[in-house]
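Everything below concerns the one structure shown next.
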Number of protein chains: 2
Amino acid sequence: MLRFFLIYTGLLLSVPSFTQDRTPELMPVPRSIKSTAVRYRITKNFTIGVTGNPGDRVYKEASRSLRRLDNRMGFFFKQGNITTKDNNTGASLLIEVKRPAELKLYEDESYTLNSGAKQVKIVANSDLGAIHGLETLQQLLSVDGDGYYFPGVEVTDAPRFPWRGLLLDITLHWMPMDVVKRTLDCMAAVKMNVLHLHLTEDQMFGIESKVFPRLHEVGAEGNYYTQEDIKEVIAYADQRGIRVVPEFDVPGHCTSWLKAYPELASVKRDYELQRYFGVFDPSLDVTKDYTYEFLDKLFTEMSQLFPDEYFHIGGDENTGKDWDRNPDIKAYMQKKGMKSYRELETEFIQRLLPVLQKNGKKMMGWDEILRPGVPHDIMIQSWRGTQSLVEAAQKGYTGLLSSGYYIDLIQPTDFHYLVDPVPANTVLTAEQQKLVVGGEATMWTEHVTPETVDSRIWPRTAAIAERLWSASTVNDVDDMYRRLDRISLLLEGLGSTHIKNKGMLMRRLADSYDTKALEVLVDVIEPLKIYERNAGDTMYTVFSPYTKIADVATPDQKVARIFRKNVSIYCVTRDALLEKDIIEHLKLWKANHALFLKLIKRSPVLNEAASLSENLAKIAEVGIEAIGYMNNHFSPPTVWKSKSLEITKRAKEQGGRCELQVVTAIEELVSAAVK
Amino acid sequence: MLRFFLIYTGLLLSVPSFTQDRTPELMPVPRSIKSTAVRYRITKNFTIGVTGNPGDRVYKEASRSLRRLDNRMGFFFKQGNITTKDNNTGASLLIEVKRPAELKLYEDESYTLNSGAKQVKIVANSDLGAIHGLETLQQLLSVDGDGYYFPGVEVTDAPRFPWRGLLLDITLHWMPMDVVKRTLDCMAAVKMNVLHLHLTEDQMFGIESKVFPRLHEVGAEGNYYTQEDIKEVIAYADQRGIRVVPEFDVPGHCTSWLKAYPELASVKRDYELQRYFGVFDPSLDVTKDYTYEFLDKLFTEMSQLFPDEYFHIGGDENTGKDWDRNPDIKAYMQKKGMKSYRELETEFIQRLLPVLQKNGKKMMGWDEILRPGVPHDIMIQSWRGTQSLVEAAQKGYTGLLSSGYYIDLIQPTDFHYLVDPVPANTVLTAEQQKLVVGGEATMWTEHVTPETVDSRIWPRTAAIAERLWSASTVNDVDDMYRRLDRISLLLEGLGSTHIKNKGMLMRRLADSYDTKALEVLVDVIEPLKIYERNAGDTMYTVFSPYTKIADVATPDQKVARIFRKNVSIYCVTRDALLEKDIIEHLKLWKANHALFLKLIKRSPVLNEAASLSENLAKIAEVGIEAIGYMNNHFSPPTVWKSKSLEITKRAKEQGGRCELQVVTAIEELVSAAVK
């Protein structure tokens with residue numbers, strides 16, 4: 001068990017001889033997998049054949065899969081784009097598909113994958129299943145002394161939940177098309193199937209409307225998706241078996257709408273695009289018929305653009321204050337006997353329903369839309385927690401979980417991984433449980449730019465994808481981290497910038513090719529979590545620099561995580577190899593501060609992290625002393641403990657909107673030394 | 001002088017204390033620059049003001065410039081997007097512009113930049129000049145013990161040549177929009193002003209035609225720019241002062257056209273998109289009226305889409321063989337008394353001219369279009385050499401140089417840098433010299449993908465940009481390399497992937513986070529140059545893997561270049577510090593092969609580079625022996641020399657389509673030891 005941790009400590013990591021099967025490195029873990037002793041040996045003559053009644057998706061995905069394999073093995077496969085002519089049942093990889101899928105909720109996504117010595121075979125009812133099988137195959141690629149092979153396996157697979165989504169907010173920071181496309185590639189790789197685009201906000205209206213062109217002309221500053229762009233995104237997603245659900249957030253979160261069409265506003269004022277982040281008062285005047293005529297036309301236009309059956313109307317965080325400020329709205333409420341603005345919201349949602357229904361859409365929204373009288377085909381997206389979903393399901397409503405999957409909050413992977421939409425102790429009946437259709441990770445983009453967004457999404461979202469696909473019993477955190485390491489590398493190979501941009505950001509920040517001292521620090525810090533980054537005297541805006549140390553730092557830093565784990569084990573076992581590794585880290589950190597100070601001279605922007613670097617050096621020294629005492633087998637003086645804990649206490653203070661992630665480990669060493 | 005080289009050797013590089021002015025690190029070097037003793041100190045209150053009669057370009061570029069500065073210094077500047085309201089003459093940076101430019105050849109691009117203790121001021125006749133001034137300012141940003149500042153300078157600047165272009169081929173490998181945009185950002189940073197898009201080829205027709213939609217529907221496989229995309233590119237380029245010149249290559253290089261519209265073909269056959277690279281026979285039938293009617297409609301459509309006054313019709317590498325195969329064409333030529341297919345080409349070009357003229361366009365083409373009777377307003381792009389330009393200019397034709405700027409051929413930066421469109425020994429008169437309007441680097445994309453294209457363009461193209469902007473006397477190669485190092489980092493910060501993708505490509509290739517052994521090898525190899533990569537048994541196609549060691553390797557490897565230089569100096573001076581550095585490299589290389597073999601076990605695709613790695617270890621040992629003999633001051637046995645040269649000879653053989661770049665340095669050591 002100990003060695004297991006050791007090989008992940010980075011400093012001890014060398015190139016392992018990698019000859020065992022990689023089946024355990026699949027993510028998400030399939031429903032069932034049986035290994036056999038044979039191996040399918042891959043050569044330059046590798047081909048793909050497709051039979052059955054598949055649609056366009058499979059041919060395109062099979063072609064892409066073939067190129068991806070070739071890109072990794074470099075064989076120069078002779079087969080070009082795969083077409084209906086490629087129906088040789090003797091192909092190296094044979095894909096059998098019964099029918100093209102309808103891309104909608106509850107569609108069959110199951111598949112089987114069998115690899116023997118002579119052929120690999122993927123069989124699926126729908127092409128969606130076949131596409132998932134191709135992704136599993138990518139993850140199966142293995143190496144031994146004779147070269148590349150697919151291990152012999154019998155996989156039977158299907159998802160636990162039918163809705164496995166990612167919300168991408170493109171309004172708090174604009175996300176260009178290439179971000180969307182590489183996100184879709186990575187989502188497909190971990191079998192996610194819904195991209196939820198949060199398209200409108202106080203800060204911008206991010207999509208072209210031909211019916212109300214001022215929405216994007218005035219409500220955005222040149223950054224918005226054209227309708228052609230949206231068609232391209234939908235086609236790109238469709239090919240990968242991913243649905244695209246649009247969100248138009250009403251009646252709050254809509255300053256950009258009001259700048260473009262002030263006649264929609266509850267309060268007359270000079271509307272400008274919001275530059276700060278938060279919850280603001282501007283709101284649609286939902287007592288005016290004009291507002292409904294407007295939304296009718298806009299949502300009809302957008303319903304035609306987005307083929308998905310769900311249409312997200314937001315509905316969250318309307319403060320009601322602007323309604324309160326408008327005497328006409330107050331009079332309207334009084335006349336209708338409404339006691340709170342929540343009742344007016346209920347009416348608004350009820351009046352919106354027919355607009356969606358006549359366009360063949362089902363309403364989706366945040367918890368707030370679950371109001372008296374809404375029909376049972378709406379979809380509740382819960383940002384409040386599983387309890388909301390339980391209440392919804394008990395009333396017969398479908399819902400999906402986002403609370404616990406807020407990846408913008410910089411929490412560690414295992415935190416998200418262990419959040420289950422239907423936990424083991426659920427009070428829901430089996431029938432009610434079926435109403436919980438899955439979950440969505442949410443990538444709100446207050447504090448990310450196209451340069452950093454990938455490092456907030458990946459690799460953590462792969463663990464959420466597994467939670468939503470694999471059995472609830474697949475929940476071993478250590479095993480998840482082991483597999484995540486490999487999947488992270490595969491995701492980079494597919495286009496995600498979550499690894500490579502770290503180097504770029506460090507070079508720019510240090511203004512140097514030599515970023516070693518910065519890297520040592522960044523390896524053990526994380527940006528402030530939850531909503532702490534906004535606190536203090538830093539007021540972030542849409543045009544603030546997101547190029548600083550808190551942007552280089554990433555969630556769930558591996559070096560720190562493994563160090564903490566190793567220290568915990570070491571305090572119990574006093575293992576000599578672990579001690580060596582821990583001491584090496586401590587020495588590195590102690591020596592790093594002098595180098596970091598030199599870097600600051602070159603790049604003063606790093607000054608905000610000086611205290612972090614100094615504290616790291618100081619706690620490293622404490623750690624070295626603690627181990628010294630432990631090895632001498634006698635207790636340190638009392639003053640040493642209090643002095644040391646004073647140092648670790650100070651080391652918990654933020655610097656550059658980041659925190660050291662190894663302080664608790666040092667405290668553990670101090671405790672162990674004192675014991 | 002010696003120390004100068006030492007600080008660039010990488011192994012010796014630490015973080016330098018960087019307090020001197022960075023004025024010498026400008027690229028391109030301005031026409032005139034005078035340093036003063038003062039410094040403009042930058043604080044969080046930094047603002048930009050704009051006065052005069054500027055257009056939209058300056059406001060947008062000033063806003064972008066402000067954000068770029070803030071991204072580097074992290075001050076959280078309060079000023080948002082700069083608008084006409086920002087006309088405070090007391091702003092930190094004041095930009096004075098007389099008029100918005102017309103984006104065309106010979107437009108005024110001059111500017112002055114004066115930074116004093118209290119203000120920085122950019123003054124320009126046209127907004128193009130102001131934009132160039134903003135880029136100079138980005139490069140001036142400096143640091144001392146008190147923080148960030150702009151050094152006191154008086155810059156007077158204007159380009160030597162008015163046409164400073166980059167040809168981006170998007171047909172041999174498709175280049176998505178994000179590649180084009182980041183290329184434009186980087187071009188602007190080094191003051192280039194023409195993006196030449198090579199849009200059509202045997203392999204694909206890369207742009208939407210609404211008049212002849214089969215061109216992109218059948219002539220491409222889903223990858224083409226829509227007309228909306230093109231408008232976006234043109235607007236993006238325009239904001240940065242960059243013209244966009246389209247190329248529609250006729251009458252050869254047009255298999256994709258013929259697949260879509262076979263009635264244009266000289267020979268009836270089943271046309272499929274070309275999968276290989278090279279020069280092929282398919283050609284338009286230029287004897288048919290239909291062809292001219294077709295080109296008239298298409299070029300009229302495209303003339304309206306592209307506002308630039310130049311329209312590139314290619315005209316190159318038509319083999320004439322398909323004309324020869326068609327009896328009707330032969331009869332036509334006979335009837336007209338044409339003796340060779342060149343005469344038919346001449347007629348073709350003459351018949352095309354009115355099509356362009358009626359659309360207000362000037363014809364541009366490769367050397368081949370310079371035919372009897374063409375008007376003097378055409379533009380010759382020379383792939384054949386300066387002699388073509390001399391001949392053109394002597395006949396009164398304008399032209400620009402691309403020969404010598406073929407950056408796809410993997411030649412070192414200094415080779416391109418020293419190619420001058422009007423060399424010092426030119427035979428042209430002063431008037432004739434004016435007809436040579438500049439040059440274009442050419443990025444043909446046979447062997448690059450969106451993942452690798454940046455590393456072929458940058459940083460080398462920055463040196464070509466300097467050749468085309470700065471005085472001919474700015475030609476010190478060492479100084480160019482010194483400045484290029486810094487510009488390369490700035491270009492990465494702007495979005496170029498030329499540095500960061502190397503890490504990604506290595507991780508994917510090694511299938512590991514630990515790529516050290518691969519990196520050591522890659523640092524001293526380069527892909528085969530000129531057209532050698534195509535030779536041997538490797539037939540590249542449009543779908544071949546471009547993810548191998550020859551794709552990770554980049555042109556003009558710095559570690560190898562500096563090692564060669566250091567060895568040359570050491571052989572003369574026997575400097576002890578240099579010797580230490582050389583020995584350290586040799587030991588690293590010698591030890592690396594064992595590590596590289598381990599990597600191959602994990603990732604067999606690396607096997608093709610095993611011989612390179614082994615040869616590197618062997619020549620490193622020879623080098624160590626040579627230095628040993630040199631230090632012992634006696635001659636090695638004769639057999640040692642012949643044995644050693646046998647080893648270095650073998651080390652010149654390619655592996656994985658790459659070559660070691662330090663072999664000549666080892667030979668130099670051998671010679672010095674034997675002397």
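Residue numbering restarts at 1 for every chain of the structure tokens, chains are lettered A, B, ... in their displayed order, and ligands are numbered from 1 as they appear.
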Residues of chain B that approach chain A to 7 Å or less, counting only C-alpha atoms: could you list each one with the shortest pair of atoms and its distance in Å to one decimal, rows by chain and increasing residue number, as JSON lines?
```
{"residue": "B:Val15", "atom": "CA", "partner": "A:Leu599", "partner_atom": "CA", "distance": 6.6}
{"residue": "B:Ser17", "atom": "CA", "partner": "A:Arg602", "partner_atom": "CA", "distance": 6.4}
{"residue": "B:Phe18", "atom": "CA", "partner": "A:Arg602", "partner_atom": "CA", "distance": 5.5}
{"residue": "B:Asp70", "atom": "CA", "partner": "A:Pro545", "partner_atom": "CA", "distance": 6.0}
{"residue": "B:Asn71", "atom": "CA", "partner": "A:Pro545", "partner_atom": "CA", "distance": 4.8}
{"residue": "B:Arg72", "atom": "CA", "partner": "A:Leu509", "partner_atom": "CA", "distance": 6.6}
{"residue": "B:Met73", "atom": "CA", "partner": "A:Val605", "partner_atom": "CA", "distance": 5.4}
{"residue": "B:Gly74", "atom": "CA", "partner": "A:Pro545", "partner_atom": "CA", "distance": 5.8}
{"residue": "B:Phe76", "atom": "CA", "partner": "A:Ser544", "partner_atom": "CA", "distance": 5.5}
{"residue": "B:Gly80", "atom": "CA", "partner": "A:Phe543", "partner_atom": "CA", "distance": 6.9}
{"residue": "B:Val143", "atom": "CA", "partner": "A:Arg602", "partner_atom": "CA", "distance": 6.6}
{"residue": "B:Gly145", "atom": "CA", "partner": "A:Lys601", "partner_atom": "CA", "distance": 6.6}
{"residue": "B:Gly147", "atom": "CA", "partner": "A:Pro604", "partner_atom": "CA", "distance": 6.0}
{"residue": "B:Asp178", "atom": "CA", "partner": "A:Asp178", "partner_atom": "CA", "distance": 6.6}
{"residue": "B:Gly493", "atom": "CA", "partner": "A:Arg508", "partner_atom": "CA", "distance": 5.8}
{"residue": "B:Lys500", "atom": "CA", "partner": "A:Lys500", "partner_atom": "CA", "distance": 5.6}
{"residue": "B:Asn501", "atom": "CA", "partner": "A:Lys500", "partner_atom": "CA", "distance": 6.8}
{"residue": "B:Gly503", "atom": "CA", "partner": "A:Lys500", "partner_atom": "CA", "distance": 6.7}
{"residue": "B:Met504", "atom": "CA", "partner": "A:Lys500", "partner_atom": "CA", "distance": 6.1}
{"residue": "B:Arg508", "atom": "CA", "partner": "A:Gly493", "partner_atom": "CA", "distance": 5.8}
{"residue": "B:Leu509", "atom": "CA", "partner": "A:Arg72", "partner_atom": "CA", "distance": 6.6}
{"residue": "B:Asp514", "atom": "CA", "partner": "A:Val15", "partner_atom": "CA", "distance": 6.8}
{"residue": "B:Phe543", "atom": "CA", "partner": "A:Gly80", "partner_atom": "CA", "distance": 6.9}
{"residue": "B:Ser544", "atom": "CA", "partner": "A:Phe76", "partner_atom": "CA", "distance": 5.5}
{"residue": "B:Pro545", "atom": "CA", "partner": "A:Asn71", "partner_atom": "CA", "distance": 4.8}
{"residue": "B:Tyr546", "atom": "CA", "partner": "A:Asn71", "partner_atom": "CA", "distance": 6.9}
{"residue": "B:Thr547", "atom": "CA", "partner": "A:Asn71", "partner_atom": "CA", "distance": 5.6}
{"residue": "B:Lys548", "atom": "CA", "partner": "A:Gly74", "partner_atom": "CA", "distance": 6.6}
{"residue": "B:Lys598", "atom": "CA", "partner": "A:Val15", "partner_atom": "CA", "distance": 6.8}
{"residue": "B:Leu599", "atom": "CA", "partner": "A:Val15", "partner_atom": "CA", "distance": 6.6}
{"residue": "B:Lys601", "atom": "CA", "partner": "A:Gly145", "partner_atom": "CA", "distance": 6.6}
{"residue": "B:Arg602", "atom": "CA", "partner": "A:Phe18", "partner_atom": "CA", "distance": 5.5}
{"residue": "B:Pro604", "atom": "CA", "partner": "A:Gly147", "partner_atom": "CA", "distance": 6.0}
{"residue": "B:Val605", "atom": "CA", "partner": "A:Met73", "partner_atom": "CA", "distance": 5.4}
```
### Message
I need the residues of region 364-601 of chain B that end up classed as helix (DSSP H, G or I) by DSSP on the backbone, written out as number ranges by chain.
### Response
B: 367-369, 386-394, 407-409, 413-417, 430-433, 453-457, 460-469, 477-493, 500-510, 516-522, 532-534, 549-552, 558-573, 576-601
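Of the listed residues B:Glu653, B:Pro28, B:Thr664, B:Lys641, the one whose atoms come nearest to Ser568 (chain B) is B:Thr664, with distances taken using only C-alpha atoms.
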Quick one: everything within 12 Å of Pro636 (chain A), counting only C-alpha atoms, minus sequence neighbours fewer than 6 positions away in the same chain. Send it as a CSV table (one decimal) with all heavy atoms, in the first residue's frame.
```csv
chain,number,residue,atom,x,y,z
A,622,VAL,N,10.2,24.3,9.9
A,622,VAL,CA,9.5,23.7,11.0
A,622,VAL,C,9.4,22.2,10.8
A,622,VAL,O,9.6,21.3,11.7
A,622,VAL,CB,8.1,24.3,11.3
A,622,VAL,CG1,7.3,23.5,12.2
A,622,VAL,CG2,8.2,25.7,11.7
A,625,GLU,N,12.6,20.4,11.3
A,625,GLU,CA,12.9,20.3,12.7
A,625,GLU,C,12.1,19.2,13.4
A,625,GLU,O,12.6,18.4,14.2
A,625,GLU,CB,12.6,21.6,13.4
A,625,GLU,CG,13.6,22.8,13.1
A,625,GLU,CD,13.1,24.2,13.6
A,625,GLU,OE1,12.0,24.2,14.3
A,625,GLU,OE2,13.8,25.1,13.2
A,626,ALA,N,10.8,19.1,13.0
A,626,ALA,CA,9.9,18.1,13.6
A,626,ALA,C,10.4,16.7,13.3
A,626,ALA,O,10.5,15.9,14.2
A,626,ALA,CB,8.5,18.3,13.0
A,627,ILE,N,10.8,16.5,12.1
A,627,ILE,CA,11.3,15.2,11.7
A,627,ILE,C,12.6,14.9,12.5
A,627,ILE,O,12.9,13.8,12.9
A,627,ILE,CB,11.5,15.0,10.2
A,627,ILE,CG1,10.1,15.0,9.6
A,627,ILE,CG2,12.3,13.8,9.8
A,627,ILE,CD1,10.1,15.0,8.0
A,628,GLY,N,13.4,15.9,12.7
A,628,GLY,CA,14.6,15.8,13.5
A,628,GLY,C,14.3,15.3,14.9
A,628,GLY,O,14.9,14.3,15.4
A,629,TYR,N,13.3,16.0,15.5
A,629,TYR,CA,12.9,15.5,16.8
A,629,TYR,C,12.4,14.1,16.8
A,629,TYR,O,12.7,13.3,17.7
A,629,TYR,CB,11.9,16.5,17.4
A,629,TYR,CG,12.4,17.8,17.8
A,629,TYR,CD1,11.9,19.0,17.3
A,629,TYR,CD2,13.4,17.9,18.8
A,629,TYR,CE1,12.4,20.2,17.7
A,629,TYR,CE2,13.9,19.1,19.2
A,629,TYR,CZ,13.4,20.3,18.7
A,629,TYR,OH,14.0,21.5,19.1
A,630,MET,N,11.6,13.8,15.8
A,630,MET,CA,11.0,12.4,15.8
A,630,MET,C,12.2,11.4,15.7
A,630,MET,O,12.1,10.4,16.3
A,630,MET,CB,10.1,12.3,14.5
A,630,MET,CG,8.8,13.1,14.7
A,630,MET,SD,8.0,13.4,13.1
A,630,MET,CE,7.1,12.0,12.9
A,642,SER,N,4.9,25.9,20.5
A,642,SER,CA,4.1,27.1,20.4
A,642,SER,C,4.6,28.0,19.3
A,642,SER,O,3.9,28.6,18.5
A,642,SER,CB,4.0,27.8,21.7
A,642,SER,OG,5.3,28.1,22.2
A,643,LYS,N,6.0,28.1,19.2
A,643,LYS,CA,6.6,28.9,18.2
A,643,LYS,C,6.2,28.3,16.8
A,643,LYS,O,5.9,29.1,15.9
A,643,LYS,CB,8.1,28.9,18.4
A,643,LYS,CG,8.9,30.1,17.8
A,643,LYS,CD,10.4,29.8,17.8
A,643,LYS,CE,10.8,29.0,16.7
A,643,LYS,NZ,12.1,28.4,16.7
A,644,SER,N,6.3,27.0,16.7
A,644,SER,CA,6.0,26.4,15.4
A,644,SER,C,4.6,26.6,15.0
A,644,SER,O,4.3,26.9,13.8
A,644,SER,CB,6.3,24.9,15.5
A,644,SER,OG,7.7,24.7,15.8
A,670,VAL,N,4.3,18.5,13.5
A,670,VAL,CA,4.6,19.1,14.8
A,670,VAL,C,3.9,18.2,15.9
A,670,VAL,O,4.6,17.9,16.9
A,670,VAL,CB,4.1,20.5,14.8
A,670,VAL,CG1,4.2,21.1,16.3
A,670,VAL,CG2,4.9,21.4,13.9
A,671,SER,N,2.7,17.9,15.7
A,671,SER,CA,2.0,17.1,16.7
A,671,SER,C,2.7,15.7,16.9
A,671,SER,O,2.9,15.3,18.0
A,671,SER,CB,0.6,16.8,16.2
A,671,SER,OG,-0.2,17.9,16.2
A,672,ALA,N,3.1,15.1,15.8
A,672,ALA,CA,3.8,13.8,15.9
A,672,ALA,C,5.1,14.0,16.6
A,672,ALA,O,5.5,13.1,17.4
A,672,ALA,CB,4.0,13.2,14.5
A,673,ALA,N,5.8,15.1,16.4
A,673,ALA,CA,7.1,15.3,17.1
A,673,ALA,C,6.9,15.5,18.6
A,673,ALA,O,7.7,15.1,19.4
A,673,ALA,CB,7.8,16.5,16.4
A,674,VAL,N,5.8,16.2,18.9
A,674,VAL,CA,5.6,16.5,20.3
A,674,VAL,C,5.1,15.3,21.1
A,674,VAL,O,5.3,15.2,22.3
A,674,VAL,CB,4.6,17.7,20.4
A,674,VAL,CG1,4.1,17.9,21.8
A,674,VAL,CG2,5.2,19.0,19.8
A,675,LYS,N,4.4,14.4,20.4
A,675,LYS,CA,3.8,13.3,21.1
A,675,LYS,C,4.8,12.4,21.9
A,675,LYS,O,5.9,12.2,21.4
A,675,LYS,CB,3.1,12.4,20.0
A,675,LYS,CG,1.7,11.9,20.6
A,675,LYS,CD,1.0,11.0,19.5
A,675,LYS,CE,0.4,11.8,18.4
A,675,LYS,NZ,-0.1,10.9,17.3
```
### Task
Would you please give, as a count of residues only, all residues of region 444-602 of chain A that DSSP assigns to strand (DSSP E or B) based on the backbone?
4
Write out as a tab-separated table (two decimals) with C-alpha atoms, in the first residue's frame the residues lying within 9 Å of Ile582 (chain B), counting only C-alpha atoms and excluding same-chain residues fewer than 6 positions away.
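Below you can see part35.tsv, which holds the result:
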```tsv
chain	number	residue	atom	x	y	z
B	563	PHE	CA	26.38	24.78	-28.20
B	566	ASN	CA	30.30	27.93	-27.73
B	567	VAL	CA	32.39	25.08	-29.12
B	570	TYR	CA	36.15	27.35	-27.01
B	623	GLY	CA	33.48	15.14	-27.49
B	624	ILE	CA	34.42	14.32	-23.92
```
### Query
Near Trp458 (chain B), counting only C-alpha atoms, which residues have an atom at most 9 Å away, once you skip same-chain residues fewer than 2 positions from it, shown as a PyMOL selection string?
chain B and resi 186+453-456+460-462+488+491+496-498
